[in-house]
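What follows is coords_26.cif (mmCIF, C-alpha atoms).
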data_target
#
loop_
_atom_site.group_PDB
_atom_site.id
_atom_site.type_symbol
_atom_site.label_atom_id
_atom_site.label_comp_id
_atom_site.auth_asym_id
_atom_site.auth_seq_id
_atom_site.Cartn_x
_atom_site.Cartn_y
_atom_site.Cartn_z
ATOM 1 C CA MET A 206 261.342 226.247 111.590
ATOM 2 C CA PHE A 207 259.310 227.926 108.834
ATOM 3 C CA GLU A 208 261.851 230.701 108.397
ATOM 4 C CA VAL A 209 264.532 228.185 107.351
ATOM 5 C CA ASN A 210 262.594 225.227 105.947
ATOM 6 C CA PHE A 211 259.899 227.117 104.055
ATOM 7 C CA TYR A 212 260.766 230.780 103.505
ATOM 8 C CA GLY A 213 264.435 229.968 102.969
ATOM 9 C CA VAL A 214 263.435 227.702 100.083
ATOM 10 C CA ILE A 215 261.209 230.397 98.554
ATOM 11 C CA ARG A 216 264.011 232.958 98.807
ATOM 12 C CA THR A 217 266.430 230.536 97.161
ATOM 13 C CA TYR A 218 264.027 229.986 94.248
ATOM 14 C CA GLN A 219 263.683 233.747 93.867
ATOM 15 C CA ALA A 220 267.469 234.108 93.778
ATOM 16 C CA VAL A 221 268.302 231.334 91.292
ATOM 17 C CA LEU A 222 265.337 231.147 88.933
ATOM 18 C CA PRO A 223 266.014 234.313 86.901
ATOM 19 C CA SER A 224 269.410 232.991 85.811
ATOM 20 C CA MET A 225 268.151 229.439 85.292
ATOM 21 C CA ARG A 226 265.249 230.686 83.162
ATOM 22 C CA GLN A 227 267.617 232.841 81.116
ATOM 23 C CA TYR A 228 269.933 229.888 80.412
ATOM 24 C CA LYS A 229 267.000 227.444 80.105
ATOM 25 C CA SER A 230 268.755 224.955 82.343
ATOM 26 C CA GLY A 231 269.052 224.070 85.990
ATOM 27 C CA LEU A 232 268.491 221.663 88.827
ATOM 28 C CA ILE A 233 266.894 222.541 92.142
ATOM 29 C CA ILE A 234 267.053 219.951 94.905
ATOM 30 C CA ASN A 235 264.981 220.466 98.041
ATOM 31 C CA ILE A 236 265.399 218.293 101.104
ATOM 32 C CA THR A 237 262.069 217.506 102.691
ATOM 33 C CA SER A 238 261.196 214.430 104.749
ATOM 34 C CA GLY A 239 260.089 210.884 104.211
ATOM 35 C CA ALA A 240 257.086 211.809 106.331
ATOM 36 C CA SER A 241 256.368 215.183 104.758
ATOM 37 C CA ALA A 242 252.845 214.265 103.709
ATOM 38 C CA HIS A 243 251.684 213.355 107.191
ATOM 39 C CA THR A 244 252.651 214.288 110.724
ATOM 40 C CA SER A 245 253.411 212.938 114.181
ATOM 41 C CA PRO A 246 252.948 214.277 117.687
ATOM 42 C CA PHE A 247 255.635 216.732 118.858
ATOM 43 C CA MET A 248 256.847 217.310 115.294
ATOM 44 C CA ILE A 249 253.967 219.290 113.807
ATOM 45 C CA PRO A 250 255.877 222.496 112.909
ATOM 46 C CA TYR A 251 258.714 220.467 111.389
ATOM 47 C CA PHE A 252 256.461 218.301 109.227
ATOM 48 C CA ALA A 253 254.240 221.252 108.254
ATOM 49 C CA SER A 254 257.285 223.194 107.052
ATOM 50 C CA LYS A 255 258.609 220.203 105.111
ATOM 51 C CA PHE A 256 255.200 219.504 103.557
ATOM 52 C CA GLY A 257 255.109 223.143 102.496
ATOM 53 C CA VAL A 258 258.364 222.574 100.602
ATOM 54 C CA GLU A 259 256.844 219.466 99.000
ATOM 55 C CA SER A 260 253.952 221.632 97.833
ATOM 56 C CA ILE A 261 256.299 224.267 96.386
ATOM 57 C CA THR A 262 258.381 221.627 94.610
ATOM 58 C CA GLU A 263 255.365 219.851 93.138
ATOM 59 C CA GLY A 264 253.648 223.078 92.143
ATOM 60 C CA LEU A 265 256.696 224.424 90.332
ATOM 61 C CA GLN A 266 257.417 221.180 88.478
ATOM 62 C CA ASP A 267 255.192 221.998 85.502
ATOM 63 C CA GLU A 268 255.963 225.727 85.606
ATOM 64 C CA LEU A 269 259.709 225.086 85.270
ATOM 65 C CA LYS A 270 259.498 222.415 82.555
ATOM 66 C CA GLN A 271 259.403 224.976 79.728
ATOM 67 C CA PHE A 272 262.786 226.268 80.957
ATOM 68 C CA ASN A 273 264.394 222.795 81.216
ATOM 69 C CA ILE A 274 264.743 223.246 84.966
ATOM 70 C CA ASP A 275 264.492 220.043 86.966
ATOM 71 C CA ASN A 276 262.939 220.368 90.390
ATOM 72 C CA VAL A 277 263.280 217.484 92.877
ATOM 73 C CA SER A 278 262.600 216.859 96.542
ATOM 74 C CA ILE A 279 264.830 214.405 98.331
ATOM 75 C CA GLN A 280 262.819 212.605 100.972
ATOM 76 C CA PRO A 281 265.201 211.199 103.557
ATOM 77 C CA GLY A 282 264.014 209.147 106.446
ATOM 78 C CA VAL A 283 265.340 209.572 109.945
ATOM 79 C CA TYR A 284 269.067 210.256 110.037
ATOM 80 C CA PRO A 285 271.169 211.263 113.041
ATOM 81 C CA THR A 286 271.255 215.073 113.117
ATOM 82 C CA GLU A 287 271.351 217.740 115.812
ATOM 83 C CA MET A 288 267.577 217.748 115.742
ATOM 84 C CA ASN A 289 267.183 214.199 117.001
ATOM 85 C CA THR A 290 270.432 213.411 118.821
ATOM 86 C CA GLY A 291 269.883 215.880 121.651
ATOM 87 C CA GLU A 292 272.935 217.962 120.678
ATOM 88 C CA LYS A 293 270.745 221.005 120.177
ATOM 89 C CA THR A 294 267.847 222.081 122.351
ATOM 90 C CA GLY A 295 264.446 222.366 120.739
ATOM 91 C CA VAL A 296 262.346 225.421 120.074
ATOM 92 C CA ASN A 297 260.645 226.625 123.269
ATOM 93 C CA SER A 298 262.784 224.278 125.376
ATOM 94 C CA ASP A 299 263.111 227.264 127.676
ATOM 95 C CA LYS A 300 259.362 227.078 128.399
ATOM 96 C CA PRO A 301 258.940 224.049 130.662
ATOM 97 C CA GLU A 302 255.385 225.130 131.520
ATOM 98 C CA ILE A 303 254.316 224.205 127.978
ATOM 99 C CA SER A 304 255.807 220.723 128.275
ATOM 100 C CA GLU A 305 254.435 220.338 131.797
ATOM 101 C CA ALA A 306 250.886 221.066 130.624
ATOM 102 C CA TYR A 307 251.010 217.930 128.465
ATOM 103 C CA ASN A 308 252.716 215.623 130.958
ATOM 104 C CA PRO A 309 253.021 212.815 131.859
ATOM 105 C CA VAL A 310 251.575 211.532 128.585
ATOM 106 C CA ALA A 311 253.728 213.827 126.434
ATOM 107 C CA THR A 312 256.994 212.669 127.995
ATOM 108 C CA GLU A 313 256.006 209.017 127.653
ATOM 109 C CA GLN A 314 254.999 209.441 123.991
ATOM 110 C CA PHE A 315 258.054 211.548 123.163
ATOM 111 C CA ASN A 316 260.412 209.044 124.776
ATOM 112 C CA ALA A 317 258.718 206.151 122.944
ATOM 113 C CA ILE A 318 259.017 207.960 119.597
ATOM 114 C CA GLY A 319 262.655 208.821 120.332
ATOM 115 C CA ALA A 320 263.533 205.267 121.302
ATOM 116 C CA ALA A 321 261.901 203.933 118.136
ATOM 117 C CA LEU A 322 263.714 206.449 115.929
ATOM 118 C CA PHE A 323 267.117 205.786 117.506
ATOM 119 C CA GLY A 324 266.510 202.053 117.236
ATOM 120 C CA LYS A 325 265.628 202.331 113.546
ATOM 121 C CA MET A 326 268.601 204.588 112.797
ATOM 122 C CA LYS A 327 270.886 201.976 114.337
ATOM 123 C CA GLU A 328 269.126 198.941 112.829
ATOM 124 C CA PHE A 329 269.245 200.376 109.292
ATOM 125 C CA ASN A 330 272.616 202.116 109.691
ATOM 126 C CA MET A 331 271.171 205.458 108.647
ATOM 127 C CA ASN A 332 274.249 207.404 107.593
ATOM 128 C CA PRO A 333 273.836 211.024 106.376
ATOM 129 C CA GLN A 334 276.355 210.234 103.616
ATOM 130 C CA THR A 335 273.412 208.522 101.881
ATOM 131 C CA ILE A 336 271.832 211.944 101.349
ATOM 132 C CA ALA A 337 275.033 213.373 99.856
ATOM 133 C CA ASP A 338 275.286 210.326 97.587
ATOM 134 C CA GLY A 339 271.641 210.811 96.555
ATOM 135 C CA ILE A 340 272.313 214.431 95.631
ATOM 136 C CA LEU A 341 275.282 213.338 93.518
ATOM 137 C CA GLU A 342 273.115 210.688 91.836
ATOM 138 C CA LEU A 343 270.509 213.334 90.949
ATOM 139 C CA ILE A 344 273.172 215.663 89.575
ATOM 140 C CA GLN A 345 274.532 212.892 87.366
ATOM 141 C CA MET A 346 271.101 211.977 85.947
ATOM 142 C CA LYS A 347 270.250 213.136 82.457
ATOM 143 C CA GLU A 348 268.472 216.492 82.367
ATOM 144 C CA GLY A 349 264.718 215.974 82.125
ATOM 145 C CA SER A 350 264.826 212.435 83.530
ATOM 146 C CA ARG A 351 264.919 213.295 87.225
ATOM 147 C CA PRO A 352 261.937 212.299 89.367
ATOM 148 C CA LEU A 353 259.828 214.822 91.280
ATOM 149 C CA ARG A 354 260.449 212.938 94.525
ATOM 150 C CA PHE A 355 263.570 210.968 95.422
ATOM 151 C CA PRO A 356 263.132 208.924 98.619
ATOM 152 C CA LEU A 357 266.204 207.856 100.602
ATOM 153 C CA ASP A 358 264.588 206.088 103.531
ATOM 154 C CA ALA A 359 265.784 202.531 104.171
ATOM 155 C CA VAL A 360 263.584 202.314 107.272
ATOM 156 C CA ALA A 361 260.429 202.767 105.175
ATOM 157 C CA GLN A 362 261.283 199.533 103.327
ATOM 158 C CA GLY A 363 259.524 200.666 100.154
ATOM 159 C CA THR A 364 256.396 202.105 101.740
ATOM 160 C CA ASP A 365 257.662 205.586 100.865
ATOM 161 C CA LEU A 366 257.638 204.654 97.162
ATOM 162 C CA GLU A 367 254.161 203.170 97.533
ATOM 163 C CA PHE A 368 252.990 206.410 99.121
ATOM 164 C CA ILE A 369 254.610 208.558 96.403
ATOM 165 C CA ASN A 370 253.077 206.429 93.633
ATOM 166 C CA ALA A 371 249.633 206.353 95.246
ATOM 167 C CA ARG A 372 249.751 210.119 95.731
ATOM 168 C CA ALA A 373 250.696 210.668 92.064
ATOM 169 C CA GLU A 374 247.949 208.316 90.905
ATOM 170 C CA LEU A 375 245.308 210.082 93.002
ATOM 171 C CA LYS A 376 246.498 213.486 91.798
ATOM 172 C CA ALA A 377 246.221 212.318 88.169
ATOM 173 C CA LYS A 378 242.645 211.113 88.806
ATOM 174 C CA TRP A 379 241.768 214.383 90.516
ATOM 175 C CA LEU A 380 243.227 216.451 87.647
ATOM 176 C CA ALA A 381 241.362 214.304 85.112
ATOM 177 C CA LYS A 382 238.057 215.090 86.847
ATOM 178 C CA TYR A 383 238.764 218.801 86.576
ATOM 179 C CA SER A 384 239.609 218.608 82.888
ATOM 180 C CA GLU A 385 236.558 216.575 81.783
#
File written out as structure tokens:
Amino acid sequence: MFEVNFYGVIRTYQAVLPSMRQYKSGLIINITSGASAHTSPFMIPYFASKFGVESITEGLQDELKQFNIDNVSIQPGVYPTEMNTGEKTGVNSDKPEISEAYNPVATEQFNAIGAALFGKMKEFNMNPQTIADGILELIQMKEGSRPLRFPLDAVAQGTDLEFINARAELKAKWLAKYSE
């Protein structure tokens, strides 16, 4: 999970930034998660890796400004993918003793979370095309006007924007205290 979601992002930055800095232009879009600032049971490595990418994206925002490089994280909600449709087995699925140690509570919680996610995906017609459309929208935005975070989570019904705004406001207050 970290190899792809976290280190893969770092390696991509290392590969593209020299050229982008040279040409003083660029757009980097990272795909994180609508829940990448908190976590849920059974998804800790996933959310930790996605929050790590949020941290990289936010940290580089000011560093890249001088080179006119926009840096954005798309924050999708839950969309049908191999990870949550059961098409692909999970990490350590070959170690039933780990799962068994947490049962029966783990199975009950996992099934409840799964049922809720599938229900929400269906209720809100969560189509992965929304993410592709969001990427296109970011590409078409004027350079320098792109937001740091770009939520695409219909299920959140605006709470994702509230969270993003509250987080930015608290960060601004925190930074102000350190610069007094």
Between A:Ile318, A:Ala306, A:Ile233, A:Ala371, which one has atoms that come closest to Ser245 in chain A, using only C-alpha atoms?
A:Ile318
Could you work out how far CA of Leu322 in chain A lies from CA of Pro250 in chain A, giving the answer in Å with one decimal?
18.1 Å
Nearest to Phe247 in chain A, chosen from A:Ala317, A:Leu265, A:Met331, A:Ile274, with all atoms listed in the file counted in the distances
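Ranking A:Ala317, A:Leu265, A:Met331, A:Ile274 by distance to Phe247 in chain A, first place goes to A:Ala317.
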Two-atom distance - CA of Thr286 in chain A, CA of Asn332 in chain A (Å)
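That distance, rounded to one decimal, is 9.9 Å.
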Can you list what the PyMOL selection byres ((chain A and resi 237-241) around 8) grabs from this structure, as a list in words?
Asn235, Ile236, Ala242, His243, Thr244, Phe252, Ala253, Lys255, Phe256, Val258, Glu259, Ser278, Ile279, Gln280, Pro281, Gly282, Val283, Pro356, Leu357, Asp358 and Asp365 of chain A
Can you write out the residues you just picked, keeping C-alpha atoms, as an mmCIF file, in the frame of the given file?
data_model
loop_
_atom_site.group_PDB
_atom_site.id
_atom_site.type_symbol
_atom_site.label_atom_id
_atom_site.label_comp_id
_atom_site.auth_asym_id
_atom_site.auth_seq_id
_atom_site.Cartn_x
_atom_site.Cartn_y
_atom_site.Cartn_z
ATOM 1 C CA ASN A 235 264.981 220.466 98.041
ATOM 2 C CA ILE A 236 265.399 218.293 101.104
ATOM 3 C CA ALA A 242 252.845 214.265 103.709
ATOM 4 C CA HIS A 243 251.684 213.355 107.191
ATOM 5 C CA THR A 244 252.651 214.288 110.724
ATOM 6 C CA PHE A 252 256.461 218.301 109.227
ATOM 7 C CA ALA A 253 254.240 221.252 108.254
ATOM 8 C CA LYS A 255 258.609 220.203 105.111
ATOM 9 C CA PHE A 256 255.200 219.504 103.557
ATOM 10 C CA VAL A 258 258.364 222.574 100.602
ATOM 11 C CA GLU A 259 256.844 219.466 99.000
ATOM 12 C CA SER A 278 262.600 216.859 96.542
ATOM 13 C CA ILE A 279 264.830 214.405 98.331
ATOM 14 C CA GLN A 280 262.819 212.605 100.972
ATOM 15 C CA PRO A 281 265.201 211.199 103.557
ATOM 16 C CA GLY A 282 264.014 209.147 106.446
ATOM 17 C CA VAL A 283 265.340 209.572 109.945
ATOM 18 C CA PRO A 356 263.132 208.924 98.619
ATOM 19 C CA LEU A 357 266.204 207.856 100.602
ATOM 20 C CA ASP A 358 264.588 206.088 103.531
ATOM 21 C CA ASP A 365 257.662 205.586 100.865
#
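Proximity to Gln266 in chain A was assessed for A:Pro352, A:Ser254, A:Leu366, A:Pro301 counting all atoms listed in the file; the smallest distance is recorded for A:Pro352.
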Grab the CA of Phe211 in chain A to CA of Tyr251 in chain A distance for me, in Å with one decimal place.
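Separation between CA of Phe211 in chain A and CA of Tyr251 in chain A: 10.0 Å.
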For the PyMOL selection byres ((chain A and resi 271) around 12), applied here, can you spell out every residue it catches as a compact mmCIF listing (two decimals) with C-alpha atoms, in the frame of the given file?
# COMPACT_ATOMS: atom_id res chain seq x y z
CA MET A 225 268.15 229.44 85.29
CA ARG A 226 265.25 230.69 83.16
CA GLN A 227 267.62 232.84 81.12
CA TYR A 228 269.93 229.89 80.41
CA LYS A 229 267.00 227.44 80.10
CA SER A 230 268.76 224.96 82.34
CA GLY A 231 269.05 224.07 85.99
CA LEU A 265 256.70 224.42 90.33
CA GLN A 266 257.42 221.18 88.48
CA ASP A 267 255.19 222.00 85.50
CA GLU A 268 255.96 225.73 85.61
CA LEU A 269 259.71 225.09 85.27
CA LYS A 270 259.50 222.42 82.56
CA PHE A 272 262.79 226.27 80.96
CA ASN A 273 264.39 222.80 81.22
CA ILE A 274 264.74 223.25 84.97
CA ASP A 275 264.49 220.04 86.97
CA GLY A 349 264.72 215.97 82.12
From the options A:Pro333, A:Lys382, A:Lys325, A:Ala320, which residue's atoms come nearest to Glu287 in chain A, counting all atoms listed in the file?
A:Pro333
Which of these, A:Leu232, A:Gly319, A:Pro309, A:Asn330, has the shortest distance to Gln345 in chain A once you count all atoms listed in the file?
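Ranking A:Leu232, A:Gly319, A:Pro309, A:Asn330 by distance to Gln345 in chain A, first place goes to A:Leu232.
Distance annotation: of A:Gln362, A:Thr262, A:Asn308, A:Asn370, the residue with the minimal separation from Tyr218 in chain A is A:Thr262; atom set is all atoms listed in the file.
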